Amino acid sequence: MRVLLAGGGTAGHTSPLLATADALRRLDPAVEVTCLGTPRGLETTVVPAAGYPLELVPPVPLPRSLGGELFKVPGRLRAAVKATHEVFERVRPDVVVGYGGYVSVPAYLAARSRKVPVVVHEQNALPGIANKLGARVATRVAVSFPDTPLPKAEYVGLPVRPMIATLDRAALRAEARAFFGLDPDRPTLVVTGGSQGARRLNEAVTTAAGALVAAGMQVLHVVGPKNDLPPAAPGYVPVGFVDRMDYALAAADLMVCRAGANSVVEAAAVGVPAVFVPLPIGNGEQEHNARPVVDAGGALLVADAAFTAEWVTGTLPALATDEARLAAMGSAAAALVPRDAAERLARIVLETATRTGR
C-alpha cells in the first residue's frame with residue numbers, strides 16, 4: 001500500500017504528519033509512505049531527517065483578504081495541481097492524507113480528479129480554508145478537538161510523537177532535570193513559545209525571572225532559536241531550542257506556552273498543568289484550541305496583552321507551589337486528550353485505502 005501525506009509549513013502540520021507516518025509503519029511495515037510539501041516549509045528539513053521521501057510542489061498561499069495576491073491564486077493553483085499530478089504519476093498513492101496548509105489544496109484536487117480516496121486531518125479547533133475544502137471531497141475527516149466544525153468529523157485527537165505519547169513524567173523527572181542542569185526538587189516552570197519563540201512570553205518571563213527564583217521556583221526558558229539568549233543565573237536556565245520535548249515536559253511542574261494545537265495537546269496528554277497565552281492573530285484558533293482544556297480545569301487562559309511581568313510574578317509562584325491544585329489540573333487535562341491519536345488516524349488511513357479497493 002502506498003500513502004501520500006500532504007502537509008507542511010510549520011511544526012503544526014509536520015509534527016502530526018510524521019507521527020502518523022511512524023504509526024503507519026508500526027501497524028504495517030510494508031506501507032510505503034511519501035510526504036508532499038513545498039520548498040519553503042519546515043518539511044524540507046524534518047521529513048528527510050525522519051527518513052521519509054519528500055516530494056515538493058509550488059506553494060499556493062490563500063490570502064485572507066482582497067488584494068493583488070488574491071488574483072494570483074488561480075495561476076499558482078494550476079501550477080501546483082499540475083506538479084502534484086506529476087507526483088501522483090511517480091508515487092501512485094492508494095490514499096492521500098491532508099493536514100491543511102498550502103500543499104493540501106492541490107493534493108485534494110489532484111486526488112479527486114484521479115478518484116484517489118482522501119483522509120483529512122484538522123489540527124486546530126477552528127479549521128482552515130484548505131481543510132474546509134478538503135472535507136468536501138474526503139472519505140474520512142479526523143479532528144484534534146471535539147466539536148470541530150467540519151462535515152463528517154471524527155474526534156481522534158492530534159497525533160503526537162512516540163516520545164510524548166509514551167512519556168511517564170514521574171519516572172523521567174530526575175533525568176530530565178539533570179539534563180537541563182535544574183535542581184531536582186525545586187518547583188519548576190517551563191516556558192516555551194513554540195518552535196520560533198514568542199516575544200511577549202520572553203519579555204515578561206525575562207523581566208520576572210529574578211522574582212520567580214526569589215519565590216523559590218526555578219525556570220527553564222526556551223526562548224526560540226532566532227532570539228538572543230538572556231544571561232543564565234542560578235535558578236534561571238535559558239535555552240534557544242529543545243529537541244527533547246519529553247524532557248521539558250517531564251521537568252515541568254507548570255508550563256507557560258502559546259496555544260497552538262501541538263502545544264495544547266502535548267501538555268494536556270501527559271498531564272502538565274499549563275498557562276496558555278494564545279497568539280493574538282489569525283482567526284482565533286489558538287483560544288479555541290485551549291478552551292476545552294481550560295474548561296475542564298486543566299489550564300489557565302491569559303490574553304496576550306495581559307501576560308506581563310506583573311501578572312507572572314503575581315500569579316505563578318502561588319500556583320507553582322500548590323501541589324494539590326497542580327495535581328488536579330494535570331489529571332483533568334490528561335483525562336481529556338487521547339495519547340493514541342496517531343494509531344487511530346493510521347487505522348483510518350489503512351481502512352480507507354482497503355475499503356475503496358485500492
# chains A, B, ... in the order shown; residues from 1 in each chain; ligands from 1

$ residues_around --residues "Leu24 in chain A" --least-positions-apart "4" --cutoff "10 Å" --atoms "only C-alpha atoms" --output "PyMOL selection string"
chain A and resi 3+18-20+28-33+342-347+349-350

$ select_by_dssp --residues "range 43-169 of chain A" --states "helix (DSSP H, G or I)" --output "PyMOL selection string"
chain A and resi 43-49+68-91+104-114+129-137+162-165+169

$ closest_residue --among "A:Arg161, A:Leu27, A:Val96, A:Asp253" --to "Ala324 in chain A" --atoms "only C-alpha atoms"
A:Asp253

$ closest_atom_pairs --of "range 212-326 of chain A" --to "range 114-129 of chain A" --cutoff "10 Å" --atoms "only C-alpha atoms" --output "JSON lines"
{"residue": "A:Ala259", "atom": "CA", "partner": "A:Asn124", "partner_atom": "CA", "distance": 9.9}
{"residue": "A:Gly260", "atom": "CA", "partner": "A:Asn124", "partner_atom": "CA", "distance": 7.7}
{"residue": "A:Ala261", "atom": "CA", "partner": "A:Asn124", "partner_atom": "CA", "distance": 5.7}
{"residue": "A:Asn262", "atom": "CA", "partner": "A:Gln123", "partner_atom": "CA", "distance": 8.1}
{"residue": "A:Val265", "atom": "CA", "partner": "A:Gln123", "partner_atom": "CA", "distance": 9.9}
{"residue": "A:Asn283", "atom": "CA", "partner": "A:Leu126", "partner_atom": "CA", "distance": 7.9}
{"residue": "A:Gly284", "atom": "CA", "partner": "A:Leu126", "partner_atom": "CA", "distance": 7.8}
{"residue": "A:Glu285", "atom": "CA", "partner": "A:Leu126", "partner_atom": "CA", "distance": 5.2}
{"residue": "A:Gln286", "atom": "CA", "partner": "A:Asn124", "partner_atom": "CA", "distance": 7.6}
{"residue": "A:Glu287", "atom": "CA", "partner": "A:Ala125", "partner_atom": "CA", "distance": 8.8}
{"residue": "A:His288", "atom": "CA", "partner": "A:Ala125", "partner_atom": "CA", "distance": 5.6}
{"residue": "A:Asn289", "atom": "CA", "partner": "A:Ala125", "partner_atom": "CA", "distance": 5.1}
{"residue": "A:Ala290", "atom": "CA", "partner": "A:Ala125", "partner_atom": "CA", "distance": 8.7}
{"residue": "A:Arg291", "atom": "CA", "partner": "A:Ala125", "partner_atom": "CA", "distance": 9.2}
{"residue": "A:Pro292", "atom": "CA", "partner": "A:Ala125", "partner_atom": "CA", "distance": 9.5}

$ write_last_selection --atoms "C-alpha atoms" --output "tab-separated table (two decimals), in the first residue's frame"
chain	number	residue	atom	x	y	z
A	259	ALA	CA	-1.96	27.59	22.37
A	260	GLY	CA	-1.06	26.04	19.06
A	261	ALA	CA	-2.57	22.60	18.67
A	262	ASN	CA	0.72	20.78	19.34
A	265	VAL	CA	-2.25	18.59	23.15
A	283	ASN	CA	-8.82	33.54	13.13
A	284	GLY	CA	-8.71	32.97	16.89
A	285	GLU	CA	-7.98	29.27	16.56
A	286	GLN	CA	-5.47	29.22	19.42
A	287	GLU	CA	-8.02	30.31	22.02
A	288	HIS	CA	-10.43	27.70	20.66
A	289	ASN	CA	-7.68	25.07	20.90
A	290	ALA	CA	-7.09	25.86	24.56
A	291	ARG	CA	-10.73	26.22	25.59
A	292	PRO	CA	-11.60	22.51	26.17

$ closest_residue --among "A:Thr207, A:Thr84, A:Thr315, A:Asn202" --to "Val222 in chain A" --atoms "only C-alpha atoms"
A:Asn202

$ residues_around --residues "Val302 in chain A" --least-positions-apart "5" --cutoff "12 Å" --atoms "only C-alpha atoms" --output "number ranges by chain"
A: 200-201, 256-259, 274-280, 286-287, 290-291, 294, 307-308, 311-312, 315

$ write_last_selection --atoms "N, CA, C and O atoms" --output "PDB file, in the first residue's frame"
ATOM      1  N   ARG A 200       6.303  38.167  23.424  1.00  0.00           N
ATOM      2  CA  ARG A 200       5.569  38.570  24.621  1.00  0.00           C
ATOM      3  C   ARG A 200       5.942  37.696  25.811  1.00  0.00           C
ATOM      4  O   ARG A 200       6.208  38.185  26.905  1.00  0.00           O
ATOM      5  N   LEU A 201       5.968  36.385  25.609  1.00  0.00           N
ATOM      6  CA  LEU A 201       6.318  35.476  26.692  1.00  0.00           C
ATOM      7  C   LEU A 201       7.761  35.703  27.134  1.00  0.00           C
ATOM      8  O   LEU A 201       8.058  35.739  28.335  1.00  0.00           O
ATOM      9  N   VAL A 256       4.195  27.377  30.717  1.00  0.00           N
ATOM     10  CA  VAL A 256       3.611  28.538  30.050  1.00  0.00           C
ATOM     11  C   VAL A 256       3.931  28.422  28.572  1.00  0.00           C
ATOM     12  O   VAL A 256       5.097  28.218  28.201  1.00  0.00           O
ATOM     13  N   CYS A 257       2.911  28.528  27.718  1.00  0.00           N
ATOM     14  CA  CYS A 257       3.156  28.372  26.286  1.00  0.00           C
ATOM     15  C   CYS A 257       2.040  29.020  25.484  1.00  0.00           C
ATOM     16  O   CYS A 257       1.007  29.435  26.028  1.00  0.00           O
ATOM     17  N   ARG A 258       2.247  29.145  24.188  1.00  0.00           N
ATOM     18  CA  ARG A 258       1.186  29.524  23.271  1.00  0.00           C
ATOM     19  C   ARG A 258       0.157  28.391  23.214  1.00  0.00           C
ATOM     20  O   ARG A 258       0.310  27.370  23.877  1.00  0.00           O
ATOM     21  N   ALA A 259      -0.877  28.577  22.413  1.00  0.00           N
ATOM     22  CA  ALA A 259      -1.956  27.593  22.367  1.00  0.00           C
ATOM     23  C   ALA A 259      -2.131  27.012  20.970  1.00  0.00           C
ATOM     24  O   ALA A 259      -3.252  26.743  20.532  1.00  0.00           O
ATOM     25  N   ALA A 274      -0.955  23.901  32.708  1.00  0.00           N
ATOM     26  CA  ALA A 274      -0.436  24.899  31.779  1.00  0.00           C
ATOM     27  C   ALA A 274      -1.125  26.238  31.932  1.00  0.00           C
ATOM     28  O   ALA A 274      -2.264  26.331  32.398  1.00  0.00           O
ATOM     29  N   VAL A 275      -0.388  27.261  31.514  1.00  0.00           N
ATOM     30  CA  VAL A 275      -0.952  28.588  31.290  1.00  0.00           C
ATOM     31  C   VAL A 275      -0.837  28.839  29.791  1.00  0.00           C
ATOM     32  O   VAL A 275       0.275  28.930  29.254  1.00  0.00           O
ATOM     33  N   PHE A 276      -1.957  28.906  29.104  1.00  0.00           N
ATOM     34  CA  PHE A 276      -1.963  29.124  27.659  1.00  0.00           C
ATOM     35  C   PHE A 276      -2.144  30.611  27.368  1.00  0.00           C
ATOM     36  O   PHE A 276      -3.044  31.254  27.913  1.00  0.00           O
ATOM     37  N   VAL A 277      -1.275  31.127  26.498  1.00  0.00           N
ATOM     38  CA  VAL A 277      -1.333  32.532  26.088  1.00  0.00           C
ATOM     39  C   VAL A 277      -1.514  32.540  24.572  1.00  0.00           C
ATOM     40  O   VAL A 277      -0.540  32.502  23.814  1.00  0.00           O
ATOM     41  N   PRO A 278      -2.748  32.562  24.075  1.00  0.00           N
ATOM     42  CA  PRO A 278      -2.978  32.426  22.640  1.00  0.00           C
ATOM     43  C   PRO A 278      -2.342  33.555  21.834  1.00  0.00           C
ATOM     44  O   PRO A 278      -2.338  34.721  22.250  1.00  0.00           O
ATOM     45  N   LEU A 279      -1.826  33.202  20.685  1.00  0.00           N
ATOM     46  CA  LEU A 279      -1.306  34.193  19.748  1.00  0.00           C
ATOM     47  C   LEU A 279      -2.463  35.076  19.289  1.00  0.00           C
ATOM     48  O   LEU A 279      -3.493  34.566  18.841  1.00  0.00           O
ATOM     49  N   PRO A 280      -2.320  36.392  19.379  1.00  0.00           N
ATOM     50  CA  PRO A 280      -3.461  37.271  19.105  1.00  0.00           C
ATOM     51  C   PRO A 280      -3.632  37.635  17.637  1.00  0.00           C
ATOM     52  O   PRO A 280      -4.024  38.762  17.303  1.00  0.00           O
ATOM     53  N   GLN A 286      -6.230  29.641  18.253  1.00  0.00           N
ATOM     54  CA  GLN A 286      -5.475  29.223  19.424  1.00  0.00           C
ATOM     55  C   GLN A 286      -6.317  29.269  20.696  1.00  0.00           C
ATOM     56  O   GLN A 286      -6.231  28.369  21.536  1.00  0.00           O
ATOM     57  N   GLU A 287      -7.136  30.286  20.846  1.00  0.00           N
ATOM     58  CA  GLU A 287      -8.019  30.310  22.017  1.00  0.00           C
ATOM     59  C   GLU A 287      -9.004  29.149  21.974  1.00  0.00           C
ATOM     60  O   GLU A 287      -9.288  28.514  22.998  1.00  0.00           O
ATOM     61  N   ALA A 290      -7.315  25.945  23.121  1.00  0.00           N
ATOM     62  CA  ALA A 290      -7.094  25.858  24.562  1.00  0.00           C
ATOM     63  C   ALA A 290      -8.381  25.667  25.346  1.00  0.00           C
ATOM     64  O   ALA A 290      -8.361  25.091  26.443  1.00  0.00           O
ATOM     65  N   ARG A 291      -9.502  26.130  24.803  1.00  0.00           N
ATOM     66  CA  ARG A 291     -10.731  26.216  25.589  1.00  0.00           C
ATOM     67  C   ARG A 291     -11.174  24.897  26.213  1.00  0.00           C
ATOM     68  O   ARG A 291     -11.554  24.877  27.395  1.00  0.00           O
ATOM     69  N   VAL A 294      -8.982  24.274  29.266  1.00  0.00           N
ATOM     70  CA  VAL A 294      -9.258  25.292  30.286  1.00  0.00           C
ATOM     71  C   VAL A 294     -10.594  25.017  30.966  1.00  0.00           C
ATOM     72  O   VAL A 294     -10.711  25.044  32.194  1.00  0.00           O
ATOM     73  N   PHE A 307      -0.503  39.199  29.613  1.00  0.00           N
ATOM     74  CA  PHE A 307       0.626  38.408  30.101  1.00  0.00           C
ATOM     75  C   PHE A 307       1.840  39.323  30.251  1.00  0.00           C
ATOM     76  O   PHE A 307       2.665  39.482  29.357  1.00  0.00           O
ATOM     77  N   THR A 308       1.937  39.930  31.409  1.00  0.00           N
ATOM     78  CA  THR A 308       3.008  40.872  31.724  1.00  0.00           C
ATOM     79  C   THR A 308       3.870  40.312  32.850  1.00  0.00           C
ATOM     80  O   THR A 308       3.511  39.336  33.512  1.00  0.00           O
ATOM     81  N   TRP A 311       1.866  40.235  35.967  1.00  0.00           N
ATOM     82  CA  TRP A 311       0.956  39.088  36.070  1.00  0.00           C
ATOM     83  C   TRP A 311       1.738  37.833  36.441  1.00  0.00           C
ATOM     84  O   TRP A 311       1.292  37.041  37.287  1.00  0.00           O
ATOM     85  N   VAL A 312       2.871  37.657  35.832  1.00  0.00           N
ATOM     86  CA  VAL A 312       3.691  36.467  36.094  1.00  0.00           C
ATOM     87  C   VAL A 312       4.088  36.406  37.564  1.00  0.00           C
ATOM     88  O   VAL A 312       3.902  35.385  38.239  1.00  0.00           O
ATOM     89  N   THR A 315       1.060  35.809  39.981  1.00  0.00           N
ATOM     90  CA  THR A 315       0.208  34.623  39.837  1.00  0.00           C
ATOM     91  C   THR A 315       0.976  33.310  39.918  1.00  0.00           C
ATOM     92  O   THR A 315       0.543  32.361  40.578  1.00  0.00           O
TER      93      THR A 315
END

$ atom_distance --atom1 "CA of Ala268 in chain A" --atom2 "CA of Ala153 in chain A"
21.5 Å

$ closest_atom_pairs --of "range 137-215 of chain A" --to "range 105-109 of chain A" --cutoff "12 Å" --atoms "only C-alpha atoms" --output "CSV"
residue,atom,partner,partner_atom,distance
A:Val137,CA,A:Tyr108,CA,7.4
A:Ala138,CA,A:Tyr108,CA,8.2
A:Thr139,CA,A:Tyr108,CA,11.3

$ write_last_selection --atoms "N, CA and C atoms" --output "mmCIF file, in the first residue's frame"
data_model
loop_
_atom_site.group_PDB
_atom_site.id
_atom_site.type_symbol
_atom_site.label_atom_id
_atom_site.label_comp_id
_atom_site.auth_asym_id
_atom_site.auth_seq_id
_atom_site.Cartn_x
_atom_site.Cartn_y
_atom_site.Cartn_z
ATOM 1 N N VAL A 137 -14.444 16.709 -0.129
ATOM 2 C CA VAL A 137 -14.105 15.610 -1.043
ATOM 3 C C VAL A 137 -13.582 14.390 -0.306
ATOM 4 N N ALA A 138 -13.442 14.487 1.015
ATOM 5 C CA ALA A 138 -12.801 13.424 1.784
ATOM 6 C C ALA A 138 -13.746 12.258 2.053
ATOM 7 N N THR A 139 -13.172 11.074 2.119
ATOM 8 C CA THR A 139 -13.900 9.888 2.568
ATOM 9 C C THR A 139 -14.046 9.893 4.083
#

$ closest_residue --among "A:Tyr247, A:Phe241, A:Tyr52, A:Phe145" --to "Ala178 in chain A" --atoms "only C-alpha atoms"
A:Tyr247

$ atom_distance --atom1 "CA of Leu17 in chain A" --atom2 "CA of Arg199 in chain A"
27.4 Å
